[in-house]
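The file query.cif comes next; it holds mmCIF, C-alpha atoms, pLDDT in the B column; chains and numbers go by the auth columns.
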```cif
data_my_file
#
loop_
_atom_site.group_PDB
_atom_site.id
_atom_site.type_symbol
_atom_site.label_atom_id
_atom_site.label_comp_id
_atom_site.label_asym_id
_atom_site.label_seq_id
_atom_site.Cartn_x
_atom_site.Cartn_y
_atom_site.Cartn_z
_atom_site.B_iso_or_equiv
_atom_site.auth_seq_id
_atom_site.auth_asym_id
ATOM 1 C CA MET A 1 66.965 59.132 -1.036 80.00 23 A
ATOM 2 C CA GLN A 2 66.926 62.587 -2.541 95.00 24 A
ATOM 3 C CA GLN A 3 70.395 64.087 -2.965 96.00 25 A
ATOM 4 C CA ILE A 4 71.926 67.373 -4.045 98.00 26 A
ATOM 5 C CA PHE A 5 75.561 67.581 -5.149 97.00 27 A
ATOM 6 C CA THR A 6 77.845 70.604 -4.956 97.00 28 A
ATOM 7 C CA ARG A 7 81.500 71.040 -5.798 96.00 29 A
ATOM 8 C CA ARG A 8 82.698 69.828 -2.374 98.00 30 A
ATOM 9 C CA THR A 9 79.622 68.388 -0.671 97.00 31 A
ATOM 10 C CA ARG A 10 76.672 66.101 -1.022 97.00 32 A
ATOM 11 C CA LEU A 11 73.347 66.702 0.695 98.00 33 A
ATOM 12 C CA ALA A 12 71.228 63.637 1.427 97.00 34 A
ATOM 13 C CA ALA A 13 67.631 64.036 2.625 98.00 35 A
ATOM 14 C CA LEU A 14 67.318 61.694 5.595 98.00 36 A
ATOM 15 C CA SER A 15 64.174 59.608 5.870 97.00 37 A
ATOM 16 C CA GLN A 16 62.207 59.444 9.081 96.00 38 A
ATOM 17 C CA GLY A 17 63.823 56.098 9.902 96.00 39 A
ATOM 18 C CA GLU A 18 67.283 57.472 9.140 97.00 40 A
ATOM 19 C CA LEU A 19 66.711 60.391 11.515 97.00 41 A
ATOM 20 C CA GLU A 20 65.711 57.909 14.228 96.00 42 A
ATOM 21 C CA SER A 21 68.824 55.841 13.467 96.00 43 A
ATOM 22 C CA TYR A 22 71.044 58.914 13.738 95.00 44 A
ATOM 23 C CA LEU A 23 69.810 59.365 17.296 95.00 45 A
ATOM 24 C CA ASN A 24 69.615 55.724 18.378 94.00 46 A
ATOM 25 C CA HIS A 25 71.954 53.701 16.133 95.00 47 A
ATOM 26 C CA PRO A 26 74.389 56.060 14.381 94.00 48 A
ATOM 27 C CA LYS A 27 76.819 53.252 13.478 94.00 49 A
ATOM 28 C CA LYS A 28 74.031 51.386 11.640 96.00 50 A
ATOM 29 C CA LEU A 29 73.112 54.567 9.777 95.00 51 A
ATOM 30 C CA ALA A 30 76.756 55.200 8.868 96.00 52 A
ATOM 31 C CA ALA A 31 76.994 51.680 7.439 96.00 53 A
ATOM 32 C CA LYS A 32 73.759 52.128 5.499 95.00 54 A
ATOM 33 C CA LEU A 33 74.850 55.498 4.074 95.00 55 A
ATOM 34 C CA GLU A 34 78.402 54.235 3.523 94.00 56 A
ATOM 35 C CA CYS A 35 79.999 57.244 5.194 96.00 57 A
ATOM 36 C CA GLN A 36 81.271 58.225 8.593 96.00 58 A
ATOM 37 C CA LEU A 37 78.974 60.380 10.724 97.00 59 A
ATOM 38 C CA SER A 38 79.872 63.112 13.154 95.00 60 A
ATOM 39 C CA SER A 39 78.773 62.503 16.713 89.00 61 A
ATOM 40 C CA LYS A 40 79.543 66.122 17.616 92.00 62 A
ATOM 41 C CA ILE A 41 76.496 67.620 15.913 91.00 63 A
ATOM 42 C CA ILE A 42 73.926 65.695 17.937 91.00 64 A
ATOM 43 C CA THR A 43 73.749 67.966 20.975 91.00 65 A
ATOM 44 C CA ALA A 44 70.771 68.037 23.346 92.00 66 A
ATOM 45 C CA VAL A 45 69.284 70.927 21.338 91.00 67 A
ATOM 46 C CA VAL A 46 69.765 69.117 18.025 92.00 68 A
ATOM 47 C CA GLU A 47 68.375 65.891 19.452 94.00 69 A
ATOM 48 C CA ARG A 48 65.216 67.758 20.498 95.00 70 A
ATOM 49 C CA ALA A 49 64.980 69.325 17.006 94.00 71 A
ATOM 50 C CA VAL A 50 65.393 65.916 15.334 95.00 72 A
ATOM 51 C CA ARG A 51 62.644 64.444 17.505 96.00 73 A
ATOM 52 C CA MET A 52 60.352 67.333 16.515 95.00 74 A
ATOM 53 C CA LYS A 53 61.182 66.724 12.858 96.00 75 A
ATOM 54 C CA ILE A 54 60.314 63.045 13.209 96.00 76 A
ATOM 55 C CA GLU A 55 56.988 64.010 14.804 96.00 77 A
ATOM 56 C CA ASN A 56 56.246 66.507 12.036 95.00 78 A
ATOM 57 C CA MET A 57 57.143 63.958 9.369 96.00 79 A
ATOM 58 C CA ASN A 58 54.613 61.556 10.922 95.00 80 A
ATOM 59 C CA ALA A 59 51.882 64.082 10.145 94.00 81 A
ATOM 60 C CA ALA A 60 53.147 65.112 6.693 95.00 82 A
ATOM 61 C CA PRO A 61 52.651 63.391 3.344 95.00 83 A
ATOM 62 C CA ILE A 62 55.800 61.482 2.374 95.00 84 A
ATOM 63 C CA ASN A 63 56.351 63.640 -0.720 95.00 85 A
ATOM 64 C CA GLU A 64 56.742 66.646 1.628 95.00 86 A
ATOM 65 C CA HIS A 65 59.352 64.984 3.863 97.00 87 A
ATOM 66 C CA PRO A 66 62.322 66.783 2.210 97.00 88 A
ATOM 67 C CA TRP A 67 60.868 70.024 3.616 97.00 89 A
ATOM 68 C CA TYR A 68 60.652 68.583 7.133 97.00 90 A
ATOM 69 C CA THR A 69 63.799 66.507 7.451 97.00 91 A
ATOM 70 C CA TYR A 70 67.430 67.296 7.937 97.00 92 A
ATOM 71 C CA TRP A 71 69.682 66.895 4.951 98.00 93 A
ATOM 72 C CA LEU A 72 72.999 65.299 5.894 98.00 94 A
ATOM 73 C CA LEU A 73 75.922 67.460 4.740 98.00 95 A
ATOM 74 C CA VAL A 74 78.579 65.017 3.545 98.00 96 A
ATOM 75 C CA ILE A 75 82.070 66.332 2.807 98.00 97 A
ATOM 76 C CA ALA A 76 82.880 64.752 -0.554 96.00 98 A
ATOM 77 C CA ASP A 77 86.646 64.264 -0.310 95.00 99 A
ATOM 78 C CA SER A 78 86.482 62.577 3.112 96.00 100 A
ATOM 79 C CA ASN A 79 83.006 61.005 2.768 97.00 101 A
ATOM 80 C CA PHE A 80 82.199 62.372 6.233 97.00 102 A
ATOM 81 C CA GLY A 81 78.707 63.389 7.372 97.00 103 A
ATOM 82 C CA ALA A 82 79.747 66.611 9.093 97.00 104 A
ATOM 83 C CA GLY A 83 76.541 68.602 9.369 97.00 105 A
ATOM 84 C CA LEU A 84 72.795 68.909 9.096 97.00 106 A
ATOM 85 C CA ILE A 85 70.793 71.478 7.135 98.00 107 A
ATOM 86 C CA GLY A 86 67.042 71.649 6.804 97.00 108 A
ATOM 87 C CA PHE A 87 63.818 73.571 6.718 97.00 109 A
ATOM 88 C CA LYS A 88 61.103 73.527 9.337 94.00 110 A
ATOM 89 C CA GLY A 89 58.360 72.400 7.011 92.00 111 A
ATOM 90 C CA VAL A 90 56.605 73.302 3.801 90.00 112 A
ATOM 91 C CA SER A 91 56.207 76.959 3.015 85.00 113 A
ATOM 92 C CA THR A 92 53.418 78.824 4.724 75.00 114 A
ATOM 93 C CA GLY A 93 50.719 80.950 3.118 82.00 115 A
ATOM 94 C CA TYR A 94 53.409 83.618 2.960 88.00 116 A
ATOM 95 C CA LYS A 95 55.503 81.333 0.714 94.00 117 A
ATOM 96 C CA GLN A 96 58.170 81.348 3.408 96.00 118 A
ATOM 97 C CA VAL A 97 60.265 78.617 5.051 97.00 119 A
ATOM 98 C CA GLU A 98 62.663 78.678 7.978 96.00 120 A
ATOM 99 C CA ILE A 99 66.165 77.263 7.604 97.00 121 A
ATOM 100 C CA GLY A 100 68.407 75.768 10.269 96.00 122 A
ATOM 101 C CA TYR A 101 71.866 74.228 10.122 96.00 123 A
ATOM 102 C CA GLY A 102 74.794 73.005 12.144 94.00 124 A
ATOM 103 C CA ILE A 103 78.199 71.491 11.507 96.00 125 A
ATOM 104 C CA ASP A 104 80.827 69.561 13.417 96.00 126 A
ATOM 105 C CA PRO A 105 83.185 72.213 14.855 94.00 127 A
ATOM 106 C CA ASN A 106 86.146 70.455 13.210 94.00 128 A
ATOM 107 C CA PHE A 107 84.642 71.335 9.815 95.00 129 A
ATOM 108 C CA GLY A 108 83.603 74.901 10.621 94.00 130 A
ATOM 109 C CA ASN A 109 85.093 77.960 8.908 94.00 131 A
ATOM 110 C CA LYS A 110 85.744 76.044 5.697 96.00 132 A
ATOM 111 C CA GLY A 111 82.665 77.132 3.719 97.00 133 A
ATOM 112 C CA TYR A 112 80.940 73.751 3.779 98.00 134 A
ATOM 113 C CA THR A 113 77.822 74.999 5.563 97.00 135 A
ATOM 114 C CA THR A 114 77.524 77.947 3.175 97.00 136 A
ATOM 115 C CA GLU A 115 77.971 75.700 0.143 97.00 137 A
ATOM 116 C CA GLY A 116 75.413 73.182 1.360 98.00 138 A
ATOM 117 C CA ALA A 117 72.894 75.805 2.445 98.00 139 A
ATOM 118 C CA GLN A 118 73.246 77.584 -0.896 97.00 140 A
ATOM 119 C CA ALA A 119 72.394 74.356 -2.723 98.00 141 A
ATOM 120 C CA LEU A 120 69.404 73.682 -0.482 98.00 142 A
ATOM 121 C CA ILE A 121 68.154 77.254 -0.937 97.00 143 A
ATOM 122 C CA GLN A 122 68.379 76.837 -4.721 96.00 144 A
ATOM 123 C CA TRP A 123 66.405 73.610 -4.390 97.00 145 A
ATOM 124 C CA ALA A 124 63.731 75.371 -2.296 97.00 146 A
ATOM 125 C CA PHE A 125 63.400 78.304 -4.680 96.00 147 A
ATOM 126 C CA GLN A 126 62.592 75.916 -7.529 95.00 148 A
ATOM 127 C CA ASP A 127 59.296 75.238 -5.763 94.00 149 A
ATOM 128 C CA GLU A 128 56.658 77.870 -6.549 93.00 150 A
ATOM 129 C CA ARG A 129 55.434 77.655 -2.951 93.00 151 A
ATOM 130 C CA CYS A 130 58.670 79.199 -1.659 96.00 152 A
ATOM 131 C CA SER A 131 59.580 82.812 -2.323 95.00 153 A
ATOM 132 C CA SER A 132 61.512 83.626 0.867 96.00 154 A
ATOM 133 C CA ILE A 133 63.652 81.875 3.448 97.00 155 A
ATOM 134 C CA VAL A 134 64.158 83.079 7.009 97.00 156 A
ATOM 135 C CA ALA A 135 66.446 82.410 9.946 97.00 157 A
ATOM 136 C CA TYR A 136 64.672 83.554 13.104 97.00 158 A
ATOM 137 C CA HIS A 137 66.249 84.888 16.279 97.00 159 A
ATOM 138 C CA VAL A 138 69.919 84.285 15.505 97.00 160 A
ATOM 139 C CA LEU A 139 71.943 85.314 18.559 97.00 161 A
ATOM 140 C CA ASN A 140 74.101 88.355 17.855 97.00 162 A
ATOM 141 C CA ASP A 141 77.157 86.532 19.200 97.00 163 A
ATOM 142 C CA ASN A 142 76.642 83.513 16.901 96.00 164 A
ATOM 143 C CA LEU A 143 79.227 84.807 14.435 96.00 165 A
ATOM 144 C CA PRO A 144 79.649 81.581 12.424 95.00 166 A
ATOM 145 C CA SER A 145 75.915 81.447 11.664 96.00 167 A
ATOM 146 C CA ILE A 146 75.777 85.154 10.884 97.00 168 A
ATOM 147 C CA ARG A 147 78.718 84.801 8.456 97.00 169 A
ATOM 148 C CA VAL A 148 76.910 81.968 6.649 97.00 170 A
ATOM 149 C CA LEU A 149 73.745 84.050 6.329 98.00 171 A
ATOM 150 C CA GLN A 150 75.656 87.103 5.114 97.00 172 A
ATOM 151 C CA LYS A 151 77.569 85.084 2.491 97.00 173 A
ATOM 152 C CA LEU A 152 74.254 83.697 1.246 97.00 174 A
ATOM 153 C CA GLY A 153 72.797 87.203 0.856 97.00 175 A
ATOM 154 C CA PHE A 154 70.371 87.176 3.795 98.00 176 A
ATOM 155 C CA GLN A 155 69.419 90.577 5.203 98.00 177 A
ATOM 156 C CA ILE A 156 68.382 91.513 8.737 97.00 178 A
ATOM 157 C CA TYR A 157 64.690 92.346 8.874 97.00 179 A
ATOM 158 C CA GLU A 158 64.068 92.362 12.626 97.00 180 A
ATOM 159 C CA ARG A 159 66.062 92.958 15.809 97.00 181 A
ATOM 160 C CA ILE A 160 64.745 91.777 19.159 97.00 182 A
ATOM 161 C CA GLY A 161 66.947 91.906 22.249 97.00 183 A
ATOM 162 C CA ASP A 162 70.171 90.051 21.589 98.00 184 A
ATOM 163 C CA THR A 163 68.901 88.410 18.371 98.00 185 A
ATOM 164 C CA CYS A 164 68.324 89.286 14.743 98.00 186 A
ATOM 165 C CA SER A 165 66.074 87.595 12.203 98.00 187 A
ATOM 166 C CA TYR A 166 67.287 87.280 8.628 98.00 188 A
ATOM 167 C CA MET A 167 65.549 86.811 5.289 98.00 189 A
ATOM 168 C CA ILE A 168 66.389 86.229 1.666 97.00 190 A
ATOM 169 C CA GLN A 169 63.816 86.499 -1.079 96.00 191 A
ATOM 170 C CA LYS A 170 63.779 84.546 -4.295 94.00 192 A
ATOM 171 C CA LYS A 171 64.139 87.590 -6.520 78.00 193 A
ATOM 172 C CA GLU A 172 67.104 88.840 -4.434 58.00 194 A
ATOM 173 C CA ARG A 173 68.740 85.440 -4.697 55.00 195 A
ATOM 174 C CA GLN A 174 68.314 85.392 -8.468 54.00 196 A
ATOM 175 C CA ALA A 175 69.785 88.898 -8.744 54.00 197 A
ATOM 176 C CA ALA A 176 72.753 87.907 -6.530 56.00 198 A
ATOM 177 C CA ALA A 177 73.471 84.869 -8.732 55.00 199 A
ATOM 178 C CA ILE A 178 73.760 86.981 -11.889 41.00 200 A
#
```
Let's see the structure in the file written out as structure tokens.
Amino acid sequence: MQQIFTRRTRLAALSQGELESYLNHPKKLAAKLECQLSSKIITAVVERAVRMKIENMNAAPINEHPWYTYWLLVIADSNFGAGLIGFKGVSTGYKQVEIGYGIDPNFGNKGYTTEGAQALIQWAFQDERCSSIVAYHVLNDNLPSIRVLQKLGFQIYERIGDTCSYMIQKKERQAAAI
């Protein structure tokens, strides 16, 4: 299992089987991962997204699975799997990937999602195939998600109806880190 550690979190790339277990046997997965798992993040929308990820992982080489899966966001001091962060596949010909994330509402507004997403973005930008990351069609009233994107340095590049799409480029990220 590929993992990324931050000051307060741990990201664990879930295998295809682990994603299936999260949906069907979360207690078994919690025992395997030796941490508690939030049941509040598996909404109908997230369940559909997880099923799509599993399907996409079926068609992808195993070495590309970290780009297709969700990474479990584990809060280090409580050893609690509170959120999911991931990309929607390997970068396209435009060297671009789409990011998505969610966290148990009890752990929101504490910076965990930002911290985890920042680590995953750094991981992605180490791959020469990725030079930009996008978040498409974020609802204008989704203030928690917008705050995460703003803290990470994403910029609005498109407005459509009641949504905005955001992007961060590798060179911008490197400049922001200096």
Quick one: everything within 9 Å of Val156 of chain A, counting all atoms listed in the file, minus sequence neighbours fewer than 5 positions away in the same chain. Send it as a PyMOL selection string. chain A and resi 118-121+176+187-191
Which of A:Leu36, A:Val96, A:Ala66, A:Ile125 sits closest to Ile84 of chain A [using all atoms listed in the file]: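 Of A:Leu36, A:Val96, A:Ala66, A:Ile125, the one nearest Ile84 of chain A is A:Leu36, counting all atoms listed in the file.
Take the candidates A:Tyr158, A:Tyr179, A:Trp145, A:Phe129 and check each one against Ile97 of chain A using only C-alpha atoms; the shortest distance goes to A:Phe129.
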Contacts of segment 138-142 of chain A at 8 Å (all atoms listed in the file; same-chain gap of 4+ positions) as an mmCIF file with C-alpha atoms, keeping the file's coordinate frame:
```cif
data_model
loop_
_atom_site.group_PDB
_atom_site.id
_atom_site.type_symbol
_atom_site.label_atom_id
_atom_site.label_comp_id
_atom_site.auth_asym_id
_atom_site.auth_seq_id
_atom_site.Cartn_x
_atom_site.Cartn_y
_atom_site.Cartn_z
ATOM 1 C CA ILE A 26 71.926 67.373 -4.045
ATOM 2 C CA PHE A 27 75.561 67.581 -5.149
ATOM 3 C CA THR A 28 77.845 70.604 -4.956
ATOM 4 C CA THR A 31 79.622 68.388 -0.671
ATOM 5 C CA ARG A 32 76.672 66.101 -1.022
ATOM 6 C CA LEU A 33 73.347 66.702 0.695
ATOM 7 C CA LEU A 95 75.922 67.460 4.740
ATOM 8 C CA ILE A 107 70.793 71.478 7.135
ATOM 9 C CA GLY A 108 67.042 71.649 6.804
ATOM 10 C CA TYR A 123 71.866 74.228 10.122
ATOM 11 C CA TYR A 134 80.940 73.751 3.779
ATOM 12 C CA ALA A 146 63.731 75.371 -2.296
ATOM 13 C CA LEU A 174 74.254 83.697 1.246
#
```
Which residue of A:Ala157, A:Ala82, A:Lys193, A:Ser60 approaches Glu180 of chain A most closely, using all atoms listed in the file: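 Closest residue, counting all atoms listed in the file: A:Ala157.
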Evaluate the PyMOL selection byres ((chain A and resi 114) around 12) and report residues as a list in words: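 Selected by the PyMOL selection byres ((chain A and resi 114) around 12) in this file: Trp89, Phe109, Lys110, Gly111, Val112, Ser113, Gly115, Tyr116, Lys117, Gln118, Val119, Glu120, Glu150, Arg151, Cys152, Ser153, Ser154, Ile155 and Val156 of chain A.
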Could you check the closest approach to Ile178 of chain A for each of A:Lys192, A:Leu165, A:Lys62, A:His159 and tell me which residue wins, using only C-alpha atoms?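 The shortest atom-to-atom distance to Ile178 of chain A comes from A:His159.
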Distance criterion (only C-alpha atoms): nearest to Asp99 of chain A out of A:Gln25, A:Val160, A:Arg30, A:Asn128: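 Looking only at the distances to Asp99 of chain A, the closest residue turns out to be A:Arg30.
Here, the PyMOL selection byres ((chain A and resi 40-45) around 9) matches A:Leu36, A:Ser37, A:Gln38, A:Gly39, A:Asn46, A:His47, A:Pro48, A:Lys49, A:Lys50, A:Leu51, A:Ala52, A:Leu59, A:Ile64, A:Glu69, A:Val72, A:Arg73, A:Lys75, A:Ile76, A:Thr91, A:Tyr92.
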Would you mind listing what lies within 9 Å of Thr136 of chain A as a PDB file with C-alpha atoms, in the coordinates of the input, with all atoms listed in the file counted and same-chain residues fewer than 6 positions away left out?
```pdb
ATOM      1  CA  ARG A 169      78.718  84.801   8.456  1.00 97.00           C
ATOM      2  CA  VAL A 170      76.910  81.968   6.649  1.00 97.00           C
ATOM      3  CA  LEU A 171      73.745  84.050   6.329  1.00 98.00           C
ATOM      4  CA  LYS A 173      77.569  85.084   2.491  1.00 97.00           C
ATOM      5  CA  LEU A 174      74.254  83.697   1.246  1.00 97.00           C
TER       6      LEU A 174
END
```
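Using all atoms listed in the file, the nearest neighbour of Ile168 of chain A within the list A:Gly122, A:Pro88, A:Pro83, A:Gly183 is A:Gly122.
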Using Å and a single decimal, report how far atom CA of Arg70 of chain A sits from atom CA of Phe102 of chain A.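 Calculated distance between atom CA of Phe102 of chain A and atom CA of Arg70 of chain A is 22.8 Å.
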Would you mind completing segment 36-53 of chain A so that it carries N, CA and C atoms, and writing it out as a short mmCIF file (atom, residue, chain, number, x, y, z; two decimals), in the frame of the given file?
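Contents of the output file result_14.cif:
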```cif
data_model
loop_
_atom_site.label_atom_id
_atom_site.label_comp_id
_atom_site.auth_asym_id
_atom_site.auth_seq_id
_atom_site.Cartn_x
_atom_site.Cartn_y
_atom_site.Cartn_z
N LEU A 36 67.47 62.86 4.74
CA LEU A 36 67.32 61.69 5.60
C LEU A 36 65.84 61.35 5.76
N SER A 37 65.55 60.07 5.65
CA SER A 37 64.17 59.61 5.87
C SER A 37 63.88 59.67 7.37
N GLN A 38 62.63 59.47 7.68
CA GLN A 38 62.21 59.44 9.08
C GLN A 38 62.98 58.36 9.85
N GLY A 39 63.08 57.19 9.27
CA GLY A 39 63.82 56.10 9.90
C GLY A 39 65.30 56.42 10.06
N GLU A 40 65.86 57.09 9.07
CA GLU A 40 67.28 57.47 9.14
C GLU A 40 67.52 58.50 10.24
N LEU A 41 66.59 59.44 10.41
CA LEU A 41 66.71 60.39 11.52
C LEU A 41 66.70 59.66 12.86
N GLU A 42 65.78 58.71 13.00
CA GLU A 42 65.71 57.91 14.23
C GLU A 42 67.01 57.14 14.44
N SER A 43 67.56 56.57 13.36
CA SER A 43 68.82 55.84 13.47
C SER A 43 69.97 56.76 13.87
N TYR A 44 69.97 57.99 13.37
CA TYR A 44 71.04 58.91 13.74
C TYR A 44 71.06 59.12 15.25
N LEU A 45 69.89 59.18 15.85
CA LEU A 45 69.81 59.36 17.30
C LEU A 45 70.11 58.08 18.07
N ASN A 46 69.58 56.96 17.60
CA ASN A 46 69.61 55.72 18.38
C ASN A 46 70.67 54.71 17.95
N HIS A 47 71.01 54.70 16.66
CA HIS A 47 71.95 53.70 16.13
C HIS A 47 72.83 54.34 15.05
N PRO A 48 73.62 55.34 15.40
CA PRO A 48 74.39 56.06 14.38
C PRO A 48 75.36 55.17 13.59
N LYS A 49 75.90 54.14 14.21
CA LYS A 49 76.82 53.25 13.48
C LYS A 49 76.09 52.48 12.38
N LYS A 50 74.85 52.07 12.66
CA LYS A 50 74.03 51.39 11.64
C LYS A 50 73.73 52.33 10.49
N LEU A 51 73.40 53.59 10.82
CA LEU A 51 73.11 54.57 9.78
C LEU A 51 74.36 54.84 8.95
N ALA A 52 75.51 54.97 9.59
CA ALA A 52 76.76 55.20 8.87
C ALA A 52 77.03 54.06 7.89
N ALA A 53 76.80 52.83 8.33
CA ALA A 53 76.99 51.68 7.44
C ALA A 53 76.02 51.72 6.27
#
```
